[in-house]
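Comments concern the structure below.
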Amino acid sequence: MAREISSVGVIGLGTMGAGIAEVLARSGVSVVAVEIDDDGVHRGRGHLEHSTERAVSGGKLDADGRSALLDRIRYTTSLAELSDVDLVIEAIPENLEAKSDVFAQLDTITGPDTIFVSNTSSLSITEIGVHTARPGKVVGMHFFNPAPILKLVEIVRTVVTEPDVVTDVVAFAERLGKTPVVIGDRAGFIANALLFGYLNHAVRMYEQRYATREDLDAAMRFGCGYPMGPLALLDLIGLDTAYEILDTMYHQSRNRLHAPAPLLKQMITAGLLGRKTGQGFYTYDEPDSPTVTDAVTASTVDTATAREVRKVGVVGTGTMATGIVEVFAKRGYEVILRARSAEKAAASVARVKKSLDKAVVKGKLSEEDAAAALGRISPAVEFEELADVDLVVEAVAEDLAVKQAVFAALDDVVKPGAVLATTTSSLPVIECAAATSRPSDVVGVHFFNPAPVMKLVEVVSTIATAPDVIATVDAVCSAVGKHPVHCGDRAGFIVNALLFPYLNDAVKMLEAHYAEADDIDTAMKVGCGLPMGPFELLDVVGLDVSLAIQRTLYNEFREEGFAPAPLLEHLVTAGRLGRKTGKGFKDYSAR
């Protein structure tokens, strides 16, 4: 029988502590909320009143429910008032000494069976627990921000945590409507260990001026379906909190990718902590507000110099090529689809027709518009048939020699002034440009799969790309309903350079037997709001493709942390490539 937990103490009423208190009170639990002084109590009460008022406005809580919820919370500045609670949740700032001191005081105040819980996101539960006389009753219970909304709770057991304590806390989390995942005690646990390396990498990209903050955030929202971009998420978490988590992770892992980006320290020193201070990577209309006042919503590229584009050529017959053909044809462009044979060209046009027909059936396209789009597509076999296109997009296999041969052929036949684009996802664009006599006309235009659906296009400029070529591509992206983001010509561009090291870290976590693949996937989907867990995504992308991208990143940056996980290499060698072979990290053969 799980023990009855009816009264809970919450120590610390910052954003997270107040959110936890709200979750508890909403579930009928009596809460004793403790802050260090009256000002802290006032701020914490303000957090709760503001959050519950928003819930009423959003129809998620009625006025009577709000009143009952707030009545279940008693505020105090004295730890002594926690003497009769069944469980205590500590949610003070990430400082080991401060947390240990709180737990040592609680030892002398509470009953011997009271469970001690820390909401730390990165510190060692073991190190906190040894400062009490009851380390077996100490456990981590890591809620995610905002606690009233996000379902995941990481339950962190130490080597001495009593099994029944873990069982009771898991049952309690489920009673609160949360999804618990039980894991061992190591820095960052599951979600933060994977999330913060990715966030830190994004800060480094911004610090190096590789991409703007808007483009970094848009790339991950539109390219990966993430609910927030990395810099906006850091503002929500708090830059000081992020720094402490990264610093703790680095001291445990000694992985240079966990060493906090210097820009974080500079911003913290300047008091730019994110939403809670009203300014971080973005500026907000007031502290704790989600409303950004300095976002750049329009493209910074001046499209006044853009070249005119009426006719587009696409080289290739694969999924990406046919998707790009469809994108342009639906938006009124005349498109020449060049294939290696008439049969391949006809098959590709047939695939476009099938996709257009599906759109008609779903009511997303009229029969007339579908027929008109199909009528704008002309199959071709000879490169000479691309002679008068204004823009040509190469979408052949990810093989540099093959792409260079295509660009050399295009250079011979395509009219002067035409823009030559590659949709490579990882190869150097400048290597394609070098195969031509007009490198200033060559640019990367990386569409995402499926091209007709995904809004993002990475516009990749080399050191030779002319400004009016960038302007042309930017204007074309807008004309076909895509969101362009701009970056320089280096491995992975924005999305893959941020995404694949995170996926690789997940494989290393599985390899170390820290958590099961399903638990890791659950943690990232439920805790971070990602559309897919890392192993689900790897199996969809293909483990061979993922390994090739990871090797490209490692070869370019020579970062030890980017070295492909041995488990990924072994699965590829064994032919377990994901969904396309029926087995990858998961088995699809019986489904």
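Chains: A, B, ... in order of the structure tokens. Residues: from 1 per chain. Ligands: from 1, in order shown.
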### Task
Would you list the contacts of Ala370 of chain A as a VMD selection string, taking every protein, DNA or RNA residue within 10 Å and counting only C-alpha atoms, but skipping same-chain residues closer than 2 positions in sequence?
chain A and resid 326 329 to 330 352 to 353 355 to 360 364 to 368 372 to 375
Please dump the current selection as a PDB file, in the first residue's frame; keep N, CA and C atoms.
```pdb
ATOM      1  N   GLU A 326       7.008  20.049 -56.800  1.00  0.00           N
ATOM      2  CA  GLU A 326       5.614  20.319 -56.425  1.00  0.00           C
ATOM      3  C   GLU A 326       5.462  21.702 -55.797  1.00  0.00           C
ATOM      4  N   ALA A 329       5.712  24.319 -58.637  1.00  0.00           N
ATOM      5  CA  ALA A 329       4.616  24.232 -59.604  1.00  0.00           C
ATOM      6  C   ALA A 329       3.308  24.748 -59.005  1.00  0.00           C
ATOM      7  N   LYS A 330       3.066  24.426 -57.725  1.00  0.00           N
ATOM      8  CA  LYS A 330       1.825  24.884 -57.082  1.00  0.00           C
ATOM      9  C   LYS A 330       1.785  26.402 -56.943  1.00  0.00           C
ATOM     10  N   VAL A 352       4.605  13.313 -58.369  1.00  0.00           N
ATOM     11  CA  VAL A 352       4.074  14.647 -58.082  1.00  0.00           C
ATOM     12  C   VAL A 352       2.556  14.638 -58.261  1.00  0.00           C
ATOM     13  N   LYS A 353       2.085  14.002 -59.331  1.00  0.00           N
ATOM     14  CA  LYS A 353       0.634  13.924 -59.586  1.00  0.00           C
ATOM     15  C   LYS A 353      -0.076  13.213 -58.432  1.00  0.00           C
ATOM     16  N   SER A 355       0.845  13.046 -55.322  1.00  0.00           N
ATOM     17  CA  SER A 355       0.833  13.949 -54.168  1.00  0.00           C
ATOM     18  C   SER A 355      -0.218  15.042 -54.331  1.00  0.00           C
ATOM     19  N   LEU A 356      -0.310  15.594 -55.536  1.00  0.00           N
ATOM     20  CA  LEU A 356      -1.328  16.621 -55.812  1.00  0.00           C
ATOM     21  C   LEU A 356      -2.737  16.042 -55.670  1.00  0.00           C
ATOM     22  N   ASP A 357      -2.921  14.816 -56.143  1.00  0.00           N
ATOM     23  CA  ASP A 357      -4.230  14.162 -56.028  1.00  0.00           C
ATOM     24  C   ASP A 357      -4.620  13.966 -54.559  1.00  0.00           C
ATOM     25  N   LYS A 358      -3.632  13.622 -53.730  1.00  0.00           N
ATOM     26  CA  LYS A 358      -3.891  13.461 -52.289  1.00  0.00           C
ATOM     27  C   LYS A 358      -4.349  14.787 -51.686  1.00  0.00           C
ATOM     28  N   ALA A 359      -3.689  15.872 -52.104  1.00  0.00           N
ATOM     29  CA  ALA A 359      -4.061  17.200 -51.604  1.00  0.00           C
ATOM     30  C   ALA A 359      -5.489  17.552 -52.003  1.00  0.00           C
ATOM     31  N   VAL A 360      -5.897  17.133 -53.205  1.00  0.00           N
ATOM     32  CA  VAL A 360      -7.269  17.375 -53.666  1.00  0.00           C
ATOM     33  C   VAL A 360      -8.261  16.600 -52.797  1.00  0.00           C
ATOM     34  N   LYS A 364      -7.237  20.285 -49.680  1.00  0.00           N
ATOM     35  CA  LYS A 364      -6.218  21.334 -49.558  1.00  0.00           C
ATOM     36  C   LYS A 364      -5.908  22.002 -50.900  1.00  0.00           C
ATOM     37  N   LEU A 365      -6.447  21.444 -51.967  1.00  0.00           N
ATOM     38  CA  LEU A 365      -6.172  21.938 -53.315  1.00  0.00           C
ATOM     39  C   LEU A 365      -7.366  21.604 -54.200  1.00  0.00           C
ATOM     40  N   SER A 366      -7.732  22.535 -55.049  1.00  0.00           N
ATOM     41  CA  SER A 366      -8.840  22.249 -55.964  1.00  0.00           C
ATOM     42  C   SER A 366      -8.336  21.405 -57.138  1.00  0.00           C
ATOM     43  N   GLU A 367      -9.243  20.719 -57.809  1.00  0.00           N
ATOM     44  CA  GLU A 367      -8.855  19.906 -58.964  1.00  0.00           C
ATOM     45  C   GLU A 367      -8.259  20.774 -60.063  1.00  0.00           C
ATOM     46  N   GLU A 368      -8.817  21.985 -60.218  1.00  0.00           N
ATOM     47  CA  GLU A 368      -8.312  22.904 -61.251  1.00  0.00           C
ATOM     48  C   GLU A 368      -6.883  23.324 -60.953  1.00  0.00           C
ATOM     49  N   ALA A 372      -3.515  22.542 -63.057  1.00  0.00           N
ATOM     50  CA  ALA A 372      -2.676  23.647 -63.533  1.00  0.00           C
ATOM     51  C   ALA A 372      -1.229  23.460 -63.079  1.00  0.00           C
ATOM     52  N   ALA A 373      -1.050  23.021 -61.818  1.00  0.00           N
ATOM     53  CA  ALA A 373       0.301  22.797 -61.292  1.00  0.00           C
ATOM     54  C   ALA A 373       1.009  21.712 -62.092  1.00  0.00           C
ATOM     55  N   LEU A 374       0.287  20.614 -62.357  1.00  0.00           N
ATOM     56  CA  LEU A 374       0.880  19.509 -63.112  1.00  0.00           C
ATOM     57  C   LEU A 374       1.249  19.964 -64.524  1.00  0.00           C
ATOM     58  N   GLY A 375       0.419  20.849 -65.097  1.00  0.00           N
ATOM     59  CA  GLY A 375       0.674  21.351 -66.452  1.00  0.00           C
ATOM     60  C   GLY A 375       1.904  22.229 -66.552  1.00  0.00           C
TER      61      GLY A 375
END
```
### Query
Could you pull out all residues of segment 186-378 of chain A with a DSSP call of helix (DSSP H, G or I) and give them as a ChimeraX atom specification?
/A:191-207,213-224,230-237,239-253,256-258,262-269,275-277,303-305,319-330,342-361,367-375
### Message
Just the number, please: distance in Å from atom CA of Val85 of chain A to atom CA of Pro180 of chain A, one decimal.
### Response
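Answer for the atom CA of Val85 of chain A to atom CA of Pro180 of chain A separation: 22.1 Å.
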### Task
Using atom CA of Ala147 of chain A and atom CA of Gly129 of chain A as the two end points, give the distance in Å to one decimal.
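Straight-line distance from atom CA of Ala147 of chain A to atom CA of Gly129 of chain A works out to 23.7 Å.
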When you look at segment 544-555 of chain A with a cut-off of 8 Å (counting only C-alpha atoms), what residues show up, excluding the ones that are within fewer than 4 positions of it in the same chain? I need them as a compact mmCIF listing (two decimals) with C-alpha atoms, in the first residue's frame.
```
# COMPACT_ATOMS: atom_id res chain seq x y z
CA SER A 426 25.54 18.58 -44.96
CA LEU A 427 28.09 18.86 -47.77
CA ALA A 491 28.80 21.34 -41.78
CA GLY A 492 25.23 20.82 -40.65
CA ASN A 496 21.55 19.43 -38.38
CA ALA A 497 24.44 20.97 -36.44
CA PHE A 500 22.42 15.50 -34.55
CA PRO A 501 24.83 16.01 -31.61
CA ASN A 504 24.18 11.26 -30.71
CA LEU A 538 16.70 8.40 -35.60
CA GLU A 559 34.99 18.04 -31.34
CA GLU A 560 35.44 14.88 -29.27
CA PHE A 562 30.71 14.95 -31.86
CA ALA A 563 32.35 11.57 -32.45
CA PRO A 564 29.61 9.11 -33.49
CA LEU A 568 25.15 3.87 -33.75
CA GLU A 569 28.03 2.58 -35.86
CA VAL A 572 24.49 0.48 -39.10
CA LEU A 577 18.92 1.20 -40.27
```
### Task
From segment 196-344 of chain A, collect each residue whose DSSP state is strand (DSSP E) and return the set as a count of residues only.
10
### Query
Rounded to one decimal in Å, what is the spacing between atom CA of Val160 of chain A and atom CA of Glu90 of chain A?
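Going from atom CA of Val160 of chain A over to atom CA of Glu90 of chain A, I get 19.3 Å.
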### Task
Show which residues sit within 9 Å of Ser289 of chain A, as a list in words. Count only C-alpha atoms, and ignore same-chain residues fewer than 2 positions away.
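The filter keeps Arg275, Lys276, Gly278, Tyr284, Asp285, Glu286, Pro287, Thr291 and Val292 of chain A.
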Please provide as a short mmCIF file (atom, residue, chain, number, x, y, z; two decimals) with N, CA, C and O atoms, in the first residue's frame all residues within 8 Å of Thr424 of chain A, with the sequence filter that same-chain residues fewer than 4 positions apart are discarded (counting only C-alpha atoms).
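File written: out-v4.cif
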```
data_model
loop_
_atom_site.label_atom_id
_atom_site.label_comp_id
_atom_site.auth_asym_id
_atom_site.auth_seq_id
_atom_site.Cartn_x
_atom_site.Cartn_y
_atom_site.Cartn_z
N ALA A 395 19.13 18.48 -56.57
CA ALA A 395 18.62 17.65 -55.46
C ALA A 395 18.94 16.18 -55.74
O ALA A 395 18.07 15.32 -55.67
N GLU A 398 23.45 12.60 -51.86
CA GLU A 398 24.45 13.29 -51.03
C GLU A 398 25.85 12.70 -51.26
O GLU A 398 26.44 12.10 -50.37
N VAL A 429 28.84 23.74 -49.57
CA VAL A 429 28.29 24.39 -50.77
C VAL A 429 29.42 24.92 -51.65
O VAL A 429 29.34 24.88 -52.88
N GLY A 444 23.40 27.65 -51.21
CA GLY A 444 22.71 26.49 -50.64
C GLY A 444 21.26 26.85 -50.34
O GLY A 444 20.98 27.92 -49.80
N VAL A 445 20.34 25.99 -50.75
CA VAL A 445 18.91 26.18 -50.47
C VAL A 445 18.40 24.85 -49.93
O VAL A 445 17.92 24.00 -50.68
N HIS A 446 18.54 24.67 -48.62
CA HIS A 446 18.24 23.38 -48.01
C HIS A 446 16.77 23.29 -47.60
O HIS A 446 16.35 23.86 -46.59
#
```
Pick out the residues sitting within 9 Å of Arg579 of chain A, and hand them over as a PDB file with C-alpha atoms, in the first residue's frame; count only C-alpha atoms, and ignore anything fewer than 4 positions along from it in its own chain.
```
ATOM      1  CA  ASP A 539      14.705   5.421 -36.860  1.00  0.00           C
ATOM      2  CA  VAL A 540      12.671   7.698 -39.152  1.00  0.00           C
ATOM      3  CA  VAL A 541      15.694   9.559 -40.534  1.00  0.00           C
ATOM      4  CA  GLY A 542      17.636   6.340 -41.001  1.00  0.00           C
ATOM      5  CA  LYS A 583      14.653  -2.643 -37.294  1.00  0.00           C
ATOM      6  CA  GLY A 584      16.690   0.158 -35.779  1.00  0.00           C
ATOM      7  CA  LYS A 586      13.137  -0.316 -32.160  1.00  0.00           C
ATOM      8  CA  ASP A 587      11.660  -3.307 -33.965  1.00  0.00           C
ATOM      9  CA  TYR A 588       9.025  -2.457 -36.593  1.00  0.00           C
ATOM     10  CA  SER A 589       8.864  -5.856 -38.269  1.00  0.00           C
TER      11      SER A 589
END
```
### Query
If we count only C-alpha atoms, what is near segment 251-266 of chain A at a cut-off of 7 Å, once residues fewer than 6 positions away on the same chain are taken out, given as a PyMOL selection string?
chain A and resi 187+197+200+203-204+207+239+243+561
### Residue nearest Glu458 of chain A among A:Asp215, A:Asp38, A:Asp294, A:Asp164 (counting only C-alpha atoms)
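Between A:Asp215, A:Asp38, A:Asp294, A:Asp164, the residue approaching Glu458 of chain A most closely is A:Asp215.
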### Message
Calculated over only C-alpha atoms, which of the candidates A:Ile128, A:Ile149, A:Ala232, A:Val159 has the smallest distance to Ala55 of chain A?
### Response
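Nearest to Ala55 of chain A: A:Ile149.
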### Task
Considering only C-alpha atoms, state which residue in the set A:Asn449, A:Lys415, A:Gly332, A:Thr322 is at the smallest distance from Ala347 of chain A.
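Closest to Ala347 of chain A of all the choices is A:Thr322.
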### Closest of A:Leu391, A:Ala408, A:Val182, A:Ala270 to Asp519 of chain A - atom-to-atom distances counting only C-alpha atoms
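Between A:Leu391, A:Ala408, A:Val182, A:Ala270, the residue approaching Asp519 of chain A most closely is A:Val182.
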With a cut-off of 10 Å, could you pull out the residues of segment 454-517 of chain A touching segment 309-312 of chain A and give me the nearest pair of atoms for each, distance in Å to one decimal, using only C-alpha atoms, ordered by chain and ascending number, as a Markdown table?
```
| residue | atom | partner | partner_atom | distance |
| --- | --- | --- | --- | --- |
| A:Thr472 | CA | A:Val309 | CA | 7.9 |
| A:Val473 | CA | A:Val309 | CA | 9.3 |
| A:Ala475 | CA | A:Val309 | CA | 9.3 |
| A:Val476 | CA | A:Val309 | CA | 7.6 |
```
